[in-house]
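entry13.pdb (PDB, C-alpha atoms) appears below.
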```pdb
ATOM      1  CA  MET A  72     130.399 -68.846 274.218  1.00  0.00           C
ATOM      2  CA  ASP A  73     133.642 -66.977 274.774  1.00  0.00           C
ATOM      3  CA  ILE A  74     133.812 -63.968 277.084  1.00  0.00           C
ATOM      4  CA  PRO A  75     135.900 -61.219 275.541  1.00  0.00           C
ATOM      5  CA  ASN A  76     138.904 -59.978 277.529  1.00  0.00           C
ATOM      6  CA  LEU A  77     138.090 -56.358 278.371  1.00  0.00           C
ATOM      7  CA  SER A  78     141.466 -55.509 279.863  1.00  0.00           C
ATOM      8  CA  SER A  79     143.855 -56.343 277.096  1.00  0.00           C
ATOM      9  CA  GLN A  80     147.538 -55.664 277.514  1.00  0.00           C
ATOM     10  CA  ASP A  81     147.749 -53.949 274.119  1.00  0.00           C
ATOM     11  CA  THR A  82     145.345 -51.165 275.116  1.00  0.00           C
ATOM     12  CA  PHE A  83     147.316 -50.392 278.299  1.00  0.00           C
ATOM     13  CA  VAL A  84     150.621 -50.197 276.408  1.00  0.00           C
ATOM     14  CA  SER A  85     149.222 -47.852 273.758  1.00  0.00           C
ATOM     15  CA  GLN A  86     147.743 -45.512 276.433  1.00  0.00           C
ATOM     16  CA  THR A  87     151.112 -45.371 278.216  1.00  0.00           C
ATOM     17  CA  ASN A  88     152.884 -44.526 274.967  1.00  0.00           C
ATOM     18  CA  ASN A  89     150.317 -41.787 274.230  1.00  0.00           C
ATOM     19  CA  ASN A  90     150.903 -40.238 277.681  1.00  0.00           C
ATOM     20  CA  LYS A  91     154.692 -40.250 277.141  1.00  0.00           C
ATOM     21  CA  ASN A  92     154.324 -38.726 273.669  1.00  0.00           C
ATOM     22  CA  THR A  93     152.012 -36.000 275.006  1.00  0.00           C
ATOM     23  CA  LYS A  94     154.468 -35.071 277.763  1.00  0.00           C
ATOM     24  CA  ILE A  95     157.359 -34.918 275.281  1.00  0.00           C
ATOM     25  CA  ILE A  96     155.358 -32.695 272.915  1.00  0.00           C
ATOM     26  CA  ILE A  97     154.384 -30.339 275.759  1.00  0.00           C
ATOM     27  CA  ALA A  98     158.020 -30.130 276.914  1.00  0.00           C
ATOM     28  CA  ILE A  99     159.185 -29.294 273.367  1.00  0.00           C
ATOM     29  CA  ILE A 100     156.526 -26.571 273.023  1.00  0.00           C
ATOM     30  CA  VAL A 101     157.502 -24.989 276.375  1.00  0.00           C
ATOM     31  CA  ILE A 102     161.228 -25.021 275.525  1.00  0.00           C
ATOM     32  CA  PHE A 103     160.531 -23.562 272.074  1.00  0.00           C
ATOM     33  CA  GLY A 104     158.337 -20.820 273.576  1.00  0.00           C
ATOM     34  CA  ILE A 105     160.934 -19.780 276.148  1.00  0.00           C
ATOM     35  CA  THR A 106     163.711 -19.756 273.547  1.00  0.00           C
ATOM     36  CA  ALA A 107     161.629 -17.786 271.047  1.00  0.00           C
ATOM     37  CA  GLY A 108     160.618 -15.239 273.717  1.00  0.00           C
ATOM     38  CA  PHE A 109     164.218 -14.721 274.740  1.00  0.00           C
ATOM     39  CA  TRP A 110     165.438 -14.104 271.201  1.00  0.00           C
ATOM     40  CA  ILE A 111     162.496 -11.869 270.300  1.00  0.00           C
ATOM     41  CA  SER A 112     163.252  -9.697 273.330  1.00  0.00           C
ATOM     42  CA  ARG A 113     166.851  -9.347 272.126  1.00  0.00           C
ATOM     43  CA  PHE A 114     165.855  -8.161 268.653  1.00  0.00           C
ATOM     44  CA  TRP A 115     162.948  -5.894 269.706  1.00  0.00           C
ATOM     45  CA  PRO A 116     163.713  -4.539 273.195  1.00  0.00           C
ATOM     46  CA  THR A 117     161.395  -2.017 274.811  1.00  0.00           C
ATOM     47  CA  LYS A 118     162.768   1.411 275.600  1.00  0.00           C
ATOM     48  CA  THR A 119     162.949   1.899 279.369  1.00  0.00           C
ATOM     49  CA  ALA A 120     165.726   4.448 279.891  1.00  0.00           C
ATOM     50  CA  VAL A 121     165.047   8.160 279.460  1.00  0.00           C
ATOM     51  CA  SER A 122     167.921  10.453 278.558  1.00  0.00           C
ATOM     52  CA  LEU A 123     168.138  14.197 279.209  1.00  0.00           C
ATOM     53  CA  SER A 124     167.729  14.880 275.474  1.00  0.00           C
ATOM     54  CA  ASP A 125     164.456  12.887 275.538  1.00  0.00           C
ATOM     55  CA  LEU A 126     163.190  15.026 278.425  1.00  0.00           C
ATOM     56  CA  GLU A 127     164.152  18.287 276.709  1.00  0.00           C
ATOM     57  CA  SER A 128     162.505  17.271 273.444  1.00  0.00           C
ATOM     58  CA  SER A 129     159.278  16.341 275.255  1.00  0.00           C
ATOM     59  CA  GLY A 130     159.027  19.770 276.887  1.00  0.00           C
ATOM     60  CA  VAL A 131     159.971  18.657 280.420  1.00  0.00           C
ATOM     61  CA  ASN A 132     162.773  20.696 281.946  1.00  0.00           C
ATOM     62  CA  PRO A 133     164.873  18.557 284.296  1.00  0.00           C
ATOM     63  CA  ILE A 134     165.974  20.143 287.560  1.00  0.00           C
ATOM     64  CA  THR A 135     169.757  20.406 287.569  1.00  0.00           C
ATOM     65  CA  ASN A 136     170.385  23.008 290.280  1.00  0.00           C
ATOM     66  CA  ASN A 137     168.432  24.917 292.907  1.00  0.00           C
ATOM     67  CA  THR A 138     168.727  28.261 291.075  1.00  0.00           C
ATOM     68  CA  SER A 139     166.188  27.074 288.480  1.00  0.00           C
ATOM     69  CA  LEU A 140     163.545  26.342 291.149  1.00  0.00           C
ATOM     70  CA  LYS A 141     160.488  28.624 291.218  1.00  0.00           C
ATOM     71  CA  VAL A 142     157.908  29.313 293.905  1.00  0.00           C
ATOM     72  CA  GLY A 143     154.511  27.762 293.229  1.00  0.00           C
ATOM     73  CA  VAL A 144     155.735  25.171 290.696  1.00  0.00           C
ATOM     74  CA  LEU A 145     155.070  21.477 291.378  1.00  0.00           C
ATOM     75  CA  TYR A 146     158.219  19.339 291.002  1.00  0.00           C
ATOM     76  CA  GLY A 147     158.339  15.563 290.870  1.00  0.00           C
ATOM     77  CA  GLU A 148     155.791  12.914 289.956  1.00  0.00           C
ATOM     78  CA  THR A 149     152.682  14.875 288.985  1.00  0.00           C
ATOM     79  CA  ASP A 150     150.613  12.166 287.297  1.00  0.00           C
ATOM     80  CA  LYS A 151     150.073  10.032 290.427  1.00  0.00           C
ATOM     81  CA  SER A 152     147.742  10.870 293.263  1.00  0.00           C
ATOM     82  CA  PHE A 153     149.530  10.734 296.577  1.00  0.00           C
ATOM     83  CA  THR A 154     147.529  10.371 299.756  1.00  0.00           C
ATOM     84  CA  ASP A 155     149.724  12.063 302.369  1.00  0.00           C
ATOM     85  CA  SER A 156     150.947  15.644 302.539  1.00  0.00           C
ATOM     86  CA  ALA A 157     152.865  17.891 304.902  1.00  0.00           C
ATOM     87  CA  THR A 158     154.210  21.440 305.000  1.00  0.00           C
ATOM     88  CA  GLY A 159     157.500  22.583 306.478  1.00  0.00           C
ATOM     89  CA  THR A 160     161.168  23.288 305.827  1.00  0.00           C
ATOM     90  CA  ILE A 161     163.471  20.596 304.412  1.00  0.00           C
ATOM     91  CA  ALA A 162     166.817  20.010 306.134  1.00  0.00           C
ATOM     92  CA  ASP A 163     169.741  17.675 305.441  1.00  0.00           C
ATOM     93  CA  GLY A 164     170.194  14.411 307.321  1.00  0.00           C
ATOM     94  CA  GLY A 165     167.898  11.647 308.393  1.00  0.00           C
ATOM     95  CA  LEU A 166     166.127  11.094 311.661  1.00  0.00           C
ATOM     96  CA  ASN A 167     167.420   8.231 313.874  1.00  0.00           C
ATOM     97  CA  GLY A 168     169.273   6.843 310.854  1.00  0.00           C
ATOM     98  CA  VAL A 169     166.107   6.780 308.716  1.00  0.00           C
ATOM     99  CA  GLY A 170     165.667   8.818 305.549  1.00  0.00           C
ATOM    100  CA  THR A 171     167.979  11.129 303.644  1.00  0.00           C
ATOM    101  CA  HIS A 172     166.366  14.418 304.741  1.00  0.00           C
ATOM    102  CA  ILE A 173     163.892  15.688 307.305  1.00  0.00           C
ATOM    103  CA  LEU A 174     160.921  18.018 307.150  1.00  0.00           C
ATOM    104  CA  LYS A 175     160.822  20.423 310.094  1.00  0.00           C
ATOM    105  CA  ARG A 176     157.215  21.322 310.877  1.00  0.00           C
ATOM    106  CA  ASP A 177     155.622  23.706 313.348  1.00  0.00           C
ATOM    107  CA  GLY A 178     155.191  22.094 316.752  1.00  0.00           C
ATOM    108  CA  GLY A 179     158.766  21.106 317.571  1.00  0.00           C
ATOM    109  CA  ASP A 180     160.793  17.940 317.238  1.00  0.00           C
ATOM    110  CA  SER A 181     157.821  15.636 317.745  1.00  0.00           C
ATOM    111  CA  GLN A 182     156.380  16.845 314.409  1.00  0.00           C
ATOM    112  CA  THR A 183     159.531  16.183 312.347  1.00  0.00           C
ATOM    113  CA  VAL A 184     159.087  13.895 309.322  1.00  0.00           C
ATOM    114  CA  ALA A 185     161.834  11.637 307.943  1.00  0.00           C
ATOM    115  CA  LEU A 186     161.956  11.875 304.138  1.00  0.00           C
ATOM    116  CA  THR A 187     163.111   9.681 301.292  1.00  0.00           C
ATOM    117  CA  SER A 188     162.411  10.088 297.589  1.00  0.00           C
ATOM    118  CA  SER A 189     163.022   8.105 294.446  1.00  0.00           C
ATOM    119  CA  THR A 190     161.509  10.774 292.184  1.00  0.00           C
ATOM    120  CA  VAL A 191     162.872  14.100 293.462  1.00  0.00           C
ATOM    121  CA  ASP A 192     166.374  15.180 294.485  1.00  0.00           C
ATOM    122  CA  LEU A 193     165.607  16.473 297.982  1.00  0.00           C
ATOM    123  CA  SER A 194     169.006  18.166 298.351  1.00  0.00           C
ATOM    124  CA  LEU A 195     167.856  20.867 295.866  1.00  0.00           C
ATOM    125  CA  PHE A 196     165.108  21.918 298.284  1.00  0.00           C
ATOM    126  CA  VAL A 197     167.154  22.223 301.504  1.00  0.00           C
ATOM    127  CA  ASP A 198     166.235  25.288 303.631  1.00  0.00           C
ATOM    128  CA  LYS A 199     163.116  25.986 301.542  1.00  0.00           C
ATOM    129  CA  LYS A 200     159.545  26.127 302.870  1.00  0.00           C
ATOM    130  CA  VAL A 201     157.668  23.487 300.896  1.00  0.00           C
ATOM    131  CA  GLN A 202     154.477  21.505 300.659  1.00  0.00           C
ATOM    132  CA  ILE A 203     155.213  17.843 299.929  1.00  0.00           C
ATOM    133  CA  THR A 204     152.957  14.972 298.998  1.00  0.00           C
ATOM    134  CA  GLY A 205     153.893  11.325 298.997  1.00  0.00           C
ATOM    135  CA  GLN A 206     153.282   7.903 300.449  1.00  0.00           C
ATOM    136  CA  THR A 207     153.751   7.033 304.115  1.00  0.00           C
ATOM    137  CA  ASN A 208     156.032   4.050 304.801  1.00  0.00           C
ATOM    138  CA  SER A 209     156.306   2.067 308.014  1.00  0.00           C
ATOM    139  CA  SER A 210     159.285   2.451 310.294  1.00  0.00           C
ATOM    140  CA  ASN A 211     160.201   1.270 313.777  1.00  0.00           C
ATOM    141  CA  LYS A 212     162.610   4.160 314.392  1.00  0.00           C
ATOM    142  CA  VAL A 213     160.571   7.254 313.461  1.00  0.00           C
ATOM    143  CA  ALA A 214     156.975   8.327 313.876  1.00  0.00           C
ATOM    144  CA  TRP A 215     156.505   9.317 310.225  1.00  0.00           C
ATOM    145  CA  LEU A 216     158.555   8.216 307.211  1.00  0.00           C
ATOM    146  CA  LEU A 217     157.370   9.749 303.957  1.00  0.00           C
ATOM    147  CA  ASP A 218     158.449   8.765 300.437  1.00  0.00           C
ATOM    148  CA  VAL A 219     158.161  12.104 298.637  1.00  0.00           C
ATOM    149  CA  GLY A 220     156.402  12.058 295.268  1.00  0.00           C
ATOM    150  CA  ASN A 221     156.249  15.778 294.536  1.00  0.00           C
ATOM    151  CA  ILE A 222     157.224  19.096 296.064  1.00  0.00           C
ATOM    152  CA  LYS A 223     155.783  22.589 295.745  1.00  0.00           C
ATOM    153  CA  ILE A 224     157.892  25.506 296.969  1.00  0.00           C
ATOM    154  CA  LEU A 225     155.845  27.902 299.082  1.00  0.00           C
ATOM    155  CA  GLU A 226     158.442  30.636 299.849  1.00  0.00           C
TER     156      GLU A 226
END
```
Written as C-alpha cells, that's how I'd like the structure from this file.
Amino acid sequence: MDIPNLSSQDTFVSQTNNNKNTKIIIAIIVIFGITAGFWISRFWPTKTAVSLSDLESSGVNPITNNTSLKVGVLYGETDKSFTDSATGTIADGGLNGVGTHILKRDGGDSQTVALTSSTVDLSLFVDKKVQITGQTNSSNKVAWLLDVGNIKILE
C-alpha cells in the first residue's frame, strides 16, 4: 500500500502564485482608485470660497468699515456656541507679544484679555465697549488668550 504525499510541491507553488496575483490585483485597484479620485475632484470641485457678491445675495451684510456698526447687533460667527465671554473695551496691540488686540476690563491690568480672531476684524471695534464670546486658548505669556467668535457692541 502506497502512502500518498500530502505535501506536494505543486500545491505550494500554486498557493504562492495565488498570493502574488492577489497582491498585484489589490495594488492595481488602489492605484486606479487614487487616480480616479484625483481626476473626479478636478472635474467636480466643491465650492469653498465665498465672494462678497455671494454674501450680499444671501442677505448677509459684510462689515467693511466701523461706521456701519450698530449697538446691540451680534457680529461674527453666530451659529456656533462659544463657551467663554467677557465685557470691556477693545484696544489695539497685543499683550506681551500675544494677540492682535486687547480687551480692557474693569479691575485694572490684571484683568486684561489678549485677543485674536479668525472670524471678526477686531480693528473695526477699537475703543468700543463690547461683549465678546469665544474660545479660550492656552498661553505661557498671558493669563487669558481668547479667540473671538462674535462681538456685540454695548455702547
**Prompt:** Which is closer to Ala162 in chain A than all the others in A:Val197, A:Val142, A:Val219, A:Val184, using only C-alpha atoms?
**Reply:** A:Val197
**Message:** Please expand the PyMOL selection byres ((chain A and resi 204) around 8) into the concrete residues it hits in this file, giving the result as a ChimeraX atom specification.
**Reply:** /A:153-157,202-203,205-206,219-222
**Message:** Just the number, please: distance in Å from CA of Asp180 in chain A to CA of Lys141 in chain A, one decimal.
**Reply:**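 Value for the CA of Asp180 in chain A-CA of Lys141 in chain A distance: 28.1 Å.
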**Item:** Separation of CA of Gly147 in chain A from CA of Leu193 in chain A, in Å and rounded to one decimal
**Value:**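 Atom-to-atom, CA of Gly147 in chain A to CA of Leu193 in chain A, that is 10.2 Å.
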**Request:** Would you write out, as a PyMOL selection string, every residue that the PyMOL selection byres ((chain A and resi 174) around 8) captures in this file?
**Result:** chain A and resi 158-162+172-173+175-176+183-186
